>>> print(open('final-v6.csv').read())   # CSV, N, CA and C atoms and all ligand atoms
chain,number,residue,atom,x,y,z
R,27,MET,N,62.7,76.9,117.5
R,27,MET,CA,63.9,77.2,118.2
R,27,MET,C,63.6,77.4,119.7
R,28,ASP,N,64.1,76.5,120.5
R,28,ASP,CA,63.7,76.6,121.9
R,28,ASP,C,64.8,77.2,122.8
R,29,CYS,N,65.9,77.7,122.2
R,29,CYS,CA,66.9,78.3,122.9
R,29,CYS,C,66.7,79.8,123.1
R,30,ILE,N,66.5,80.3,124.3
R,30,ILE,CA,66.1,81.7,124.5
R,30,ILE,C,67.2,82.7,123.9
R,31,PHE,N,68.5,82.3,124.0
R,31,PHE,CA,69.5,83.2,123.5
R,31,PHE,C,69.5,83.2,122.0
R,32,CYS,N,69.2,82.0,121.4
R,32,CYS,CA,69.1,82.0,119.9
R,32,CYS,C,67.9,82.9,119.5
R,33,ARG,N,66.9,82.9,120.3
R,33,ARG,CA,65.7,83.8,119.9
R,33,ARG,C,66.1,85.2,120.1
R,34,ILE,N,66.9,85.6,121.1
R,34,ILE,CA,67.4,86.9,121.2
R,34,ILE,C,68.2,87.3,120.0
R,35,ILE,N,69.1,86.4,119.6
R,35,ILE,CA,69.9,86.7,118.4
R,35,ILE,C,69.1,87.0,117.2
R,36,ALA,N,68.0,86.2,117.1
R,36,ALA,CA,67.1,86.3,115.9
R,36,ALA,C,66.2,87.5,116.0
R,37,GLY,N,66.2,88.2,117.1
R,37,GLY,CA,65.3,89.3,117.3
R,37,GLY,C,63.9,89.0,117.7
R,38,GLU,N,63.7,87.7,118.0
R,38,GLU,CA,62.3,87.3,118.4
R,38,GLU,C,62.0,87.7,119.8
R,39,ILE,N,63.0,87.8,120.7
R,39,ILE,CA,62.8,88.3,122.0
R,39,ILE,C,63.7,89.5,122.2
R,40,PRO,N,63.1,90.6,122.7
R,40,PRO,CA,63.9,91.9,122.8
R,40,PRO,C,65.0,91.7,123.9
R,41,SER,N,66.0,92.5,123.7
R,41,SER,CA,67.1,92.6,124.7
R,41,SER,C,67.7,94.0,124.6
R,42,ALA,N,68.3,94.3,125.7
R,42,ALA,CA,69.0,95.6,125.8
R,42,ALA,C,70.4,95.4,125.3
R,43,LYS,N,70.6,95.6,124.0
R,43,LYS,CA,71.9,95.3,123.3
R,43,LYS,C,72.9,96.3,123.7
R,44,LEU,N,74.1,95.8,123.9
R,44,LEU,CA,75.3,96.7,124.2
R,44,LEU,C,76.3,96.6,123.0
R,45,TYR,N,76.4,95.5,122.3
R,45,TYR,CA,77.3,95.3,121.3
R,45,TYR,C,76.9,94.2,120.4
R,46,GLU,N,77.1,94.3,119.1
R,46,GLU,CA,76.8,93.2,118.2
R,46,GLU,C,77.7,93.3,117.0
R,47,ASP,N,78.1,92.1,116.5
R,47,ASP,CA,78.8,92.0,115.2
R,47,ASP,C,78.4,90.7,114.6
R,48,ASP,N,79.2,90.2,113.6
R,48,ASP,CA,78.8,89.0,112.9
R,48,ASP,C,78.8,87.8,113.7
R,49,SER,N,79.6,87.7,114.8
R,49,SER,CA,79.7,86.5,115.5
R,49,SER,C,79.4,86.5,117.0
R,50,ILE,N,79.2,87.7,117.6
R,50,ILE,CA,78.8,87.8,119.0
R,50,ILE,C,77.8,88.8,119.3
R,51,LEU,N,77.2,88.7,120.4
R,51,LEU,CA,76.2,89.7,120.9
R,51,LEU,C,76.4,89.9,122.4
R,52,ALA,N,76.2,91.1,122.8
R,52,ALA,CA,76.3,91.5,124.2
R,52,ALA,C,75.0,92.2,124.6
R,53,PHE,N,74.4,91.9,125.7
R,53,PHE,CA,73.2,92.5,126.1
R,53,PHE,C,73.1,92.4,127.7
R,54,LYS,N,72.3,93.3,128.2
R,54,LYS,CA,72.2,93.4,129.7
R,54,LYS,C,71.4,92.2,130.2
R,55,ASP,N,71.9,91.7,131.3
R,55,ASP,CA,71.2,90.6,132.0
R,55,ASP,C,69.9,91.1,132.5
R,56,VAL,N,68.8,90.3,132.3
R,56,VAL,CA,67.5,90.7,132.7
R,56,VAL,C,67.3,90.7,134.2
R,57,SER,N,68.1,90.0,134.9
R,57,SER,CA,68.1,89.9,136.3
R,57,SER,C,69.4,90.2,136.9
R,58,PRO,N,69.8,91.5,136.9
R,58,PRO,CA,71.2,91.9,137.2
R,58,PRO,C,71.5,91.6,138.7
R,59,GLN,N,72.7,91.0,138.8
R,59,GLN,CA,73.2,90.7,140.1
R,59,GLN,C,74.3,91.7,140.6
R,60,ALA,N,74.5,92.7,139.9
R,60,ALA,CA,75.4,93.8,140.2
R,60,ALA,C,75.0,95.0,139.4
R,61,PRO,N,75.4,96.2,139.8
R,61,PRO,CA,75.0,97.4,139.1
R,61,PRO,C,75.3,97.3,137.6
R,62,VAL,N,76.4,96.7,137.3
R,62,VAL,CA,76.7,96.4,135.8
R,62,VAL,C,76.7,94.9,135.7
R,63,HIS,N,75.8,94.3,134.9
R,63,HIS,CA,75.7,92.9,134.6
R,63,HIS,C,75.2,92.7,133.2
R,64,PHE,N,76.2,92.3,132.4
R,64,PHE,CA,75.8,92.0,131.0
R,64,PHE,C,76.3,90.6,130.6
R,65,LEU,N,75.8,90.1,129.5
R,65,LEU,CA,76.1,88.8,129.0
R,65,LEU,C,76.8,89.0,127.6
R,66,VAL,N,77.7,88.2,127.3
R,66,VAL,CA,78.3,88.1,125.9
R,66,VAL,C,78.2,86.7,125.4
R,67,ILE,N,77.6,86.5,124.2
R,67,ILE,CA,77.3,85.2,123.7
R,67,ILE,C,77.8,85.1,122.3
R,68,PRO,N,78.2,83.9,121.9
R,68,PRO,CA,78.4,83.7,120.4
R,68,PRO,C,77.1,83.5,119.7
R,69,LYS,N,77.1,83.9,118.5
R,69,LYS,CA,75.8,83.8,117.7
R,69,LYS,C,75.6,82.3,117.3
R,70,GLU,N,76.7,81.6,117.2
R,70,GLU,CA,76.6,80.1,117.0
R,70,GLU,C,76.1,79.5,118.3
R,71,HIS,N,75.2,78.5,118.1
R,71,HIS,CA,74.7,77.8,119.3
R,71,HIS,C,75.7,76.8,119.8
R,72,ILE,N,76.4,77.2,120.8
R,72,ILE,CA,77.3,76.3,121.5
R,72,ILE,C,76.7,76.1,122.9
R,73,PRO,N,76.4,74.8,123.2
R,73,PRO,CA,75.6,74.6,124.5
R,73,PRO,C,76.3,75.0,125.7
R,74,SER,N,77.6,74.8,125.8
R,74,SER,CA,78.3,75.2,127.0
R,74,SER,C,79.8,75.1,126.7
R,75,ALA,N,80.6,75.5,127.7
R,75,ALA,CA,82.1,75.4,127.6
R,75,ALA,C,82.5,74.0,127.3
R,76,ASN,N,81.7,73.0,127.7
R,76,ASN,CA,82.1,71.6,127.4
R,76,ASN,C,82.0,71.3,125.9
R,77,ALA,N,81.3,72.1,125.2
R,77,ALA,CA,81.1,71.9,123.7
R,77,ALA,C,82.2,72.6,122.9
R,78,LEU,N,83.1,73.3,123.5
R,78,LEU,CA,84.1,74.0,122.8
R,78,LEU,C,85.1,73.0,122.1
R,79,THR,N,85.5,73.3,120.9
R,79,THR,CA,86.5,72.5,120.2
R,79,THR,C,87.5,73.4,119.5
R,80,ALA,N,88.5,72.8,118.9
R,80,ALA,CA,89.5,73.6,118.2
R,80,ALA,C,88.9,74.4,117.1
R,81,GLU,N,87.7,73.8,116.5
R,81,GLU,CA,87.1,74.5,115.4
R,81,GLU,C,86.3,75.7,115.8
R,82,ASN,N,85.6,75.7,117.0
R,82,ASN,CA,84.7,76.8,117.4
R,82,ASN,C,85.2,77.7,118.5
R,83,VAL,N,86.4,77.4,119.1
R,83,VAL,CA,86.9,78.1,120.2
R,83,VAL,C,87.3,79.6,119.9
R,84,GLY,N,87.6,79.8,118.6
R,84,GLY,CA,88.1,81.2,118.3
R,84,GLY,C,87.1,82.3,118.7
R,85,VAL,N,85.8,82.0,118.7
R,85,VAL,CA,84.9,83.0,119.1
R,85,VAL,C,85.0,83.4,120.6
R,86,VAL,N,85.6,82.5,121.4
R,86,VAL,CA,85.8,82.9,122.8
R,86,VAL,C,86.9,83.9,122.9
R,87,ALA,N,87.9,83.8,122.1
R,87,ALA,CA,89.0,84.8,122.1
R,87,ALA,C,88.4,86.2,121.6
R,88,HIS,N,87.5,86.1,120.7
R,88,HIS,CA,86.9,87.4,120.2
R,88,HIS,C,86.0,88.0,121.3
R,89,ILE,N,85.3,87.1,122.0
R,89,ILE,CA,84.5,87.6,123.2
R,89,ILE,C,85.4,88.3,124.2
R,90,PHE,N,86.5,87.6,124.5
R,90,PHE,CA,87.4,88.2,125.5
R,90,PHE,C,88.1,89.5,125.1
R,91,GLU,N,88.3,89.6,123.8
R,91,GLU,CA,88.9,90.9,123.3
R,91,GLU,C,87.9,92.0,123.3
R,92,THR,N,86.6,91.6,123.2
R,92,THR,CA,85.5,92.6,123.1
R,92,THR,C,85.0,93.1,124.5
R,93,ILE,N,85.1,92.2,125.5
R,93,ILE,CA,84.6,92.5,126.8
R,93,ILE,C,85.2,93.8,127.4
R,94,PRO,N,86.6,94.0,127.3
R,94,PRO,CA,87.1,95.3,127.9
R,94,PRO,C,86.6,96.5,127.2
R,95,LYS,N,86.3,96.4,125.9
R,95,LYS,CA,85.7,97.6,125.2
R,95,LYS,C,84.3,97.9,125.7
R,96,ILE,N,83.5,96.9,125.9
R,96,ILE,CA,82.2,97.1,126.4
R,96,ILE,C,82.2,97.7,127.8
R,97,ALA,N,83.1,97.1,128.6
R,97,ALA,CA,83.2,97.5,130.0
R,97,ALA,C,83.7,99.0,130.0
R,98,ALA,N,84.6,99.4,129.2
R,98,ALA,CA,85.1,100.7,129.1
R,98,ALA,C,83.9,101.7,128.7
R,99,GLN,N,83.1,101.3,127.8
R,99,GLN,CA,82.0,102.1,127.4
R,99,GLN,C,81.0,102.3,128.6
R,100,LEU,N,81.0,101.3,129.5
R,100,LEU,CA,80.1,101.4,130.6
R,100,LEU,C,80.8,102.1,131.8
R,101,GLY,N,82.1,102.4,131.6
R,101,GLY,CA,82.8,103.2,132.7
R,101,GLY,C,83.4,102.3,133.7
R,102,VAL,N,83.6,101.0,133.5
R,102,VAL,CA,84.2,100.1,134.5
R,102,VAL,C,85.5,99.5,134.0
R,103,THR,N,86.5,99.4,134.9
R,103,THR,CA,87.7,98.8,134.5
R,103,THR,C,87.9,97.5,135.4
R,104,ASP,N,87.2,97.4,136.5
R,104,ASP,CA,87.3,96.3,137.4
R,104,ASP,C,86.0,95.5,137.3
R,105,TYR,N,86.1,94.2,136.9
R,105,TYR,CA,84.9,93.4,136.7
R,105,TYR,C,85.3,92.0,136.8
R,106,ARG,N,84.2,91.1,136.9
R,106,ARG,CA,84.4,89.7,137.0
R,106,ARG,C,83.7,89.1,135.8
R,107,ILE,N,84.4,88.1,135.2
R,107,ILE,CA,83.9,87.3,134.0
R,107,ILE,C,83.5,86.0,134.6
R,108,VAL,N,82.3,85.5,134.4
R,108,VAL,CA,81.8,84.3,134.9
R,108,VAL,C,81.2,83.4,133.8
R,109,ASN,N,81.6,82.2,133.8
R,109,ASN,CA,80.9,81.2,132.9
R,109,ASN,C,80.5,80.0,133.8
R,110,ASN,N,79.2,79.8,133.8
R,110,ASN,CA,78.6,78.7,134.5
R,110,ASN,C,78.5,77.5,133.5
R,111,CYS,N,79.2,76.4,133.8
R,111,CYS,CA,79.2,75.3,132.8
R,111,CYS,C,78.6,74.1,133.5
R,112,GLY,N,77.3,73.8,133.1
R,112,GLY,CA,76.6,72.7,133.7
R,112,GLY,C,75.7,73.1,134.8
R,113,GLU,N,74.6,72.4,135.0
R,113,GLU,CA,73.6,72.8,135.9
R,113,GLU,C,74.1,72.9,137.4
R,114,ALA,N,74.9,72.0,137.8
R,114,ALA,CA,75.4,72.0,139.2
R,114,ALA,C,76.3,73.2,139.4
R,115,ALA,N,76.8,73.8,138.3
R,115,ALA,CA,77.6,75.1,138.4
R,115,ALA,C,76.7,76.3,138.3
R,116,GLY,N,75.4,76.1,138.0
R,116,GLY,CA,74.5,77.2,138.0
R,116,GLY,C,74.1,77.6,136.6
R,117,GLN,N,74.4,76.8,135.6
R,117,GLN,CA,74.0,77.1,134.2
R,117,GLN,C,72.5,76.8,134.0
R,118,THR,N,71.8,77.8,133.6
R,118,THR,CA,70.3,77.7,133.4
R,118,THR,C,70.0,77.8,131.9
R,119,VAL,N,70.8,78.6,131.2
R,119,VAL,CA,70.6,78.7,129.7
R,119,VAL,C,71.7,78.0,129.0
R,120,HIS,N,71.3,77.0,128.2
R,120,HIS,CA,72.2,76.1,127.6
R,120,HIS,C,72.7,76.6,126.2
R,121,HIS,N,73.2,77.8,126.3
R,121,HIS,CA,73.9,78.5,125.1
R,121,HIS,C,75.0,79.2,125.8
R,122,LEU,N,76.2,78.9,125.3
R,122,LEU,CA,77.4,79.5,126.0
R,122,LEU,C,77.3,81.0,126.2
R,123,HIS,N,77.6,81.4,127.4
R,123,HIS,CA,77.5,82.9,127.7
R,123,HIS,C,78.5,83.2,128.8
R,124,PHE,N,79.0,84.4,128.7
R,124,PHE,CA,79.9,84.9,129.8
R,124,PHE,C,79.2,86.1,130.5
R,125,HIS,N,79.1,86.0,131.8
R,125,HIS,CA,78.6,87.1,132.6
R,125,HIS,C,79.7,88.1,132.9
R,126,ILE,N,79.4,89.4,132.8
R,126,ILE,CA,80.3,90.4,133.2
R,126,ILE,C,79.6,91.2,134.3
R,127,LEU,N,80.3,91.1,135.5
R,127,LEU,CA,79.7,91.8,136.7
R,127,LEU,C,80.6,92.8,137.2
R,128,ALA,N,80.0,94.0,137.6
R,128,ALA,CA,80.9,95.1,138.1
R,128,ALA,C,80.0,96.1,138.8
R,129,GLY,N,80.7,97.1,139.4
R,129,GLY,CA,80.0,98.2,140.0
R,129,GLY,C,79.7,98.0,141.5
R,130,ARG,N,80.2,96.9,142.1
R,130,ARG,CA,80.1,96.7,143.5
R,130,ARG,C,81.3,95.8,143.9
R,131,ASN,N,81.6,95.7,145.1
R,131,ASN,CA,82.7,94.8,145.6
R,131,ASN,C,82.1,93.4,145.4
R,132,LEU,N,82.9,92.5,144.8
R,132,LEU,CA,82.5,91.1,144.5
R,132,LEU,C,83.3,90.2,145.4
R,133,GLY,N,82.5,89.4,146.2
R,133,GLY,CA,83.2,88.5,147.2
R,133,GLY,C,83.9,87.3,146.5
R,134,TRP,N,84.8,86.8,147.3
R,134,TRP,CA,85.5,85.6,146.8
R,134,TRP,C,85.7,84.7,148.0
R,135,PRO,N,85.5,83.4,147.9
R,135,PRO,CA,85.0,82.6,146.7
R,135,PRO,C,83.5,82.9,146.4
R,136,PRO,N,83.1,82.8,145.2
R,136,PRO,CA,81.7,82.9,144.9
R,136,PRO,C,80.9,81.8,145.5
R,137,GLY,N,79.6,82.0,145.6
R,137,GLY,CA,78.7,80.9,146.2
R,137,GLY,C,78.4,79.8,145.3
V,201,LIG,P1,73.3,81.1,133.7
V,201,LIG,O1,72.5,80.9,135.0
V,201,LIG,O2,74.7,81.2,133.9
V,201,LIG,O3,72.9,80.1,132.7
V,201,LIG,O4,72.9,82.5,133.2
V,201,LIG,C1,71.7,82.8,132.5
V,201,LIG,C2,71.5,84.2,132.6
V,201,LIG,O5,70.6,84.6,131.6
V,201,LIG,C3,70.8,84.6,133.9
V,201,LIG,O6,71.6,85.6,134.6
V,201,LIG,C4,69.5,85.3,133.5
V,201,LIG,O7,69.1,86.4,134.3
V,201,LIG,C5,69.8,85.7,132.1
V,201,LIG,N1,68.6,85.8,131.2
V,201,LIG,C6,67.6,84.8,131.0
V,201,LIG,N2,66.8,85.3,130.1
V,201,LIG,C7,67.2,86.5,129.7
V,201,LIG,C8,66.7,87.5,128.8
V,201,LIG,N3,65.6,87.3,128.1
V,201,LIG,N4,67.4,88.6,128.6
V,201,LIG,C9,68.5,88.8,129.3
V,201,LIG,N5,69.0,87.9,130.2
V,201,LIG,C10,68.4,86.8,130.4
>>> encode(input="final-v6.csv", output="structure tokens")
Amino acid sequence: MDCIFCRIIAGEIPSAKLYEDDSILAFKDVSPQAPVHFLVIPKEHIPSANALTAENVGVVAHIFETIPKIAAQLGVTDYRIVNNCGEAAGQTVHHLHFHILAGRNLGWPPG
């Protein structure tokens, strides 16, 4: 298995877990870009948003319903959700993931 996030899901690589259930996992980003920076991923290996289909997109709704609960546990109500799709957009790990950034003022537009 050469996907680093699949290896985190499998427990082969340690992570600072914030939430886990049968279909998704949330953990702190190892290189935080804000005081609060965590990732939420599906356990199914979906390479990017471009690989979402009618069959697998339901997990994205579950991710989005779970994000506010994790944020609330971390004491934040204002946050940014980011998905980088494709290398030119900044995607470095080819397993669908959503960044949640909070705890500082976030500029717009992003770089
Ligand atoms: P992206 O550039 O959108 O593909 O985001 C990948 C994110 O994964 C980056 O913010 C990395 O810091 C983060 N990351 C890479 N490896 C790990 C790891 N082992 N544990 C936690 N976060 C990681």
>>> residues_near_ligand(input="final-v6.csv", ligand="ligand LIG 201 (chain V)", cutoff="6 Å", atoms="all atoms listed in the file", output="MDAnalysis selection string")
chainID R and resid 41 54:58 109:110 116:120
>>> select_by_dssp(input="final-v6.csv", residues="range 45-132 of chain R", states="strand (DSSP E)", output="list in words")
Tyr45, Glu46, Ile50, Leu51, Ala52, Phe53, Lys54, Val62, His63, Phe64, Leu65, Val66, Ile67, Pro68, Arg106, Ile107, Val108, Phe124, His125, Ile126, Leu127 and Ala128 of chain R
>>> atom_distance(input="final-v6.csv", atom1="CA of Ala128 in chain R", atom2="CA of Phe53 in chain R")
14.5 Å
>>> atom_distance(input="final-v6.csv", atom1="CA of Ala77 in chain R", atom2="atom N of Phe124 in chain R")
13.6 Å
>>> atom_distance(input="final-v6.csv", atom1="CA of Ile89 in chain R", atom2="atom N of Ile67 in chain R")
7.1 Å
>>> select_by_dssp(input="final-v6.csv", residues="chain R", states="alpha helix (DSSP H)", output="ChimeraX atom specification")
/R:30-35,84-99
>>> closest_residue(input="final-v6.csv", among="R:Cys111, R:Val85, R:Trp134, R:Leu127", to="Ala60 in chain R", atoms="only N, CA and C atoms")
R:Leu127
>>> closest_residue(input="final-v6.csv", among="R:Pro68, R:Gly101, R:Gly84, R:Pro136", to="Leu122 in chain R", atoms="all atoms listed in the file")
R:Pro68
>>> residues_around(input="final-v6.csv", residues="Leu51 in chain R", least_positions_apart="3", cutoff="6 Å", atoms="only N, CA and C atoms", output="ChimeraX atom specification")
/R:45-47,65-69
>>> residues_around(input="final-v6.csv", residues="Glu38 in chain R", least_positions_apart="6", cutoff="12 Å", atoms="only C-alpha atoms", output="NGL selection string")
:R and (27-32)
>>> closest_residue(input="final-v6.csv", among="R:Ile34, R:Ala42, R:Leu132, R:Leu78", to="Arg106 in chain R", atoms="only N, CA and C atoms")
R:Leu132
>>> closest_residue(input="final-v6.csv", among="R:Gln99, R:Ser49, R:Thr92, R:Ser74", to="His123 in chain R", atoms="only C-alpha atoms")
R:Ser74
>>> residues_near_point(input="final-v6.csv", point="(88.0, 98.2, 139.2)", cutoff="8 Å", atoms="only N, CA and C atoms", output="list in words")
Val102, Thr103, Asp104, Tyr105, Ala128 and Gly129 of chain R
>>> closest_residue(input="final-v6.csv", among="R:Glu70, R:Pro94, R:Ala114, R:Phe64", to="Ile50 in chain R", atoms="all atoms listed in the file")
R:Glu70
>>> closest_residue(input="final-v6.csv", among="R:Ala115, R:Ile35, R:Ile72, R:Ile107", to="Ile93 in chain R", atoms="only C-alpha atoms")
R:Ile107
>>> build_atoms(input="final-v6.csv", residues="range 52-78 of chain R", atoms="N, CA, C and O atoms", output="mmCIF file, in the coordinates of the input")
data_model
loop_
_atom_site.group_PDB
_atom_site.id
_atom_site.type_symbol
_atom_site.label_atom_id
_atom_site.label_comp_id
_atom_site.auth_asym_id
_atom_site.auth_seq_id
_atom_site.Cartn_x
_atom_site.Cartn_y
_atom_site.Cartn_z
ATOM 1 N N ALA R 52 76.200 91.100 122.800
ATOM 2 C CA ALA R 52 76.300 91.500 124.200
ATOM 3 C C ALA R 52 75.000 92.200 124.600
ATOM 4 O O ALA R 52 74.561 93.098 123.819
ATOM 5 N N PHE R 53 74.400 91.900 125.700
ATOM 6 C CA PHE R 53 73.200 92.500 126.100
ATOM 7 C C PHE R 53 73.100 92.400 127.700
ATOM 8 O O PHE R 53 73.747 91.607 128.300
ATOM 9 N N LYS R 54 72.300 93.300 128.200
ATOM 10 C CA LYS R 54 72.200 93.400 129.700
ATOM 11 C C LYS R 54 71.400 92.200 130.200
ATOM 12 O O LYS R 54 70.447 91.737 129.571
ATOM 13 N N ASP R 55 71.900 91.700 131.300
ATOM 14 C CA ASP R 55 71.200 90.600 132.000
ATOM 15 C C ASP R 55 69.900 91.100 132.500
ATOM 16 O O ASP R 55 69.778 92.139 133.103
ATOM 17 N N VAL R 56 68.800 90.300 132.300
ATOM 18 C CA VAL R 56 67.500 90.700 132.700
ATOM 19 C C VAL R 56 67.300 90.700 134.200
ATOM 20 O O VAL R 56 66.359 91.328 134.696
ATOM 21 N N SER R 57 68.100 90.000 134.900
ATOM 22 C CA SER R 57 68.100 89.900 136.300
ATOM 23 C C SER R 57 69.400 90.200 136.900
ATOM 24 O O SER R 57 70.172 89.336 137.362
ATOM 25 N N PRO R 58 69.800 91.500 136.900
ATOM 26 C CA PRO R 58 71.200 91.900 137.200
ATOM 27 C C PRO R 58 71.500 91.600 138.700
ATOM 28 O O PRO R 58 70.760 91.828 139.585
ATOM 29 N N GLN R 59 72.700 91.000 138.800
ATOM 30 C CA GLN R 59 73.200 90.700 140.100
ATOM 31 C C GLN R 59 74.300 91.700 140.600
ATOM 32 O O GLN R 59 74.901 91.467 141.686
ATOM 33 N N ALA R 60 74.500 92.700 139.900
ATOM 34 C CA ALA R 60 75.400 93.800 140.200
ATOM 35 C C ALA R 60 75.000 95.000 139.400
ATOM 36 O O ALA R 60 74.178 94.912 138.486
ATOM 37 N N PRO R 61 75.400 96.200 139.800
ATOM 38 C CA PRO R 61 75.000 97.400 139.100
ATOM 39 C C PRO R 61 75.300 97.300 137.600
ATOM 40 O O PRO R 61 74.557 97.872 136.787
ATOM 41 N N VAL R 62 76.400 96.700 137.300
ATOM 42 C CA VAL R 62 76.700 96.400 135.800
ATOM 43 C C VAL R 62 76.700 94.900 135.700
ATOM 44 O O VAL R 62 77.376 94.145 136.428
ATOM 45 N N HIS R 63 75.800 94.300 134.900
ATOM 46 C CA HIS R 63 75.700 92.900 134.600
ATOM 47 C C HIS R 63 75.200 92.700 133.200
ATOM 48 O O HIS R 63 74.064 92.940 132.892
ATOM 49 N N PHE R 64 76.200 92.300 132.400
ATOM 50 C CA PHE R 64 75.800 92.000 131.000
ATOM 51 C C PHE R 64 76.300 90.600 130.600
ATOM 52 O O PHE R 64 77.158 90.044 131.278
ATOM 53 N N LEU R 65 75.800 90.100 129.500
ATOM 54 C CA LEU R 65 76.100 88.800 129.000
ATOM 55 C C LEU R 65 76.800 89.000 127.600
ATOM 56 O O LEU R 65 76.312 89.852 126.830
ATOM 57 N N VAL R 66 77.700 88.200 127.300
ATOM 58 C CA VAL R 66 78.300 88.100 125.900
ATOM 59 C C VAL R 66 78.200 86.700 125.400
ATOM 60 O O VAL R 66 78.594 85.747 126.128
ATOM 61 N N ILE R 67 77.600 86.500 124.200
ATOM 62 C CA ILE R 67 77.300 85.200 123.700
ATOM 63 C C ILE R 67 77.800 85.100 122.300
ATOM 64 O O ILE R 67 77.811 86.077 121.536
ATOM 65 N N PRO R 68 78.200 83.900 121.900
ATOM 66 C CA PRO R 68 78.400 83.700 120.400
ATOM 67 C C PRO R 68 77.100 83.500 119.700
ATOM 68 O O PRO R 68 76.115 83.047 120.302
ATOM 69 N N LYS R 69 77.100 83.900 118.500
ATOM 70 C CA LYS R 69 75.800 83.800 117.700
ATOM 71 C C LYS R 69 75.600 82.300 117.300
ATOM 72 O O LYS R 69 74.499 81.817 117.213
ATOM 73 N N GLU R 70 76.700 81.600 117.200
ATOM 74 C CA GLU R 70 76.600 80.100 117.000
ATOM 75 C C GLU R 70 76.100 79.500 118.300
ATOM 76 O O GLU R 70 76.551 79.824 119.371
ATOM 77 N N HIS R 71 75.200 78.500 118.100
ATOM 78 C CA HIS R 71 74.700 77.800 119.300
ATOM 79 C C HIS R 71 75.700 76.800 119.800
ATOM 80 O O HIS R 71 75.778 75.718 119.231
ATOM 81 N N ILE R 72 76.400 77.200 120.800
ATOM 82 C CA ILE R 72 77.300 76.300 121.500
ATOM 83 C C ILE R 72 76.700 76.100 122.900
ATOM 84 O O ILE R 72 76.534 77.023 123.628
ATOM 85 N N PRO R 73 76.400 74.800 123.200
ATOM 86 C CA PRO R 73 75.600 74.600 124.500
ATOM 87 C C PRO R 73 76.300 75.000 125.700
ATOM 88 O O PRO R 73 75.644 75.484 126.689
ATOM 89 N N SER R 74 77.600 74.800 125.800
ATOM 90 C CA SER R 74 78.300 75.200 127.000
ATOM 91 C C SER R 74 79.800 75.100 126.700
ATOM 92 O O SER R 74 80.234 74.720 125.636
ATOM 93 N N ALA R 75 80.600 75.500 127.700
ATOM 94 C CA ALA R 75 82.100 75.400 127.600
ATOM 95 C C ALA R 75 82.500 74.000 127.300
ATOM 96 O O ALA R 75 83.540 73.767 126.584
ATOM 97 N N ASN R 76 81.700 73.000 127.700
ATOM 98 C CA ASN R 76 82.100 71.600 127.400
ATOM 99 C C ASN R 76 82.000 71.300 125.900
ATOM 100 O O ASN R 76 82.528 70.242 125.483
ATOM 101 N N ALA R 77 81.300 72.100 125.200
ATOM 102 C CA ALA R 77 81.100 71.900 123.700
ATOM 103 C C ALA R 77 82.200 72.600 122.900
ATOM 104 O O ALA R 77 82.041 72.641 121.655
ATOM 105 N N LEU R 78 83.100 73.300 123.500
ATOM 106 C CA LEU R 78 84.100 74.000 122.800
ATOM 107 C C LEU R 78 85.100 73.000 122.100
ATOM 108 O O LEU R 78 85.499 72.028 122.779
#
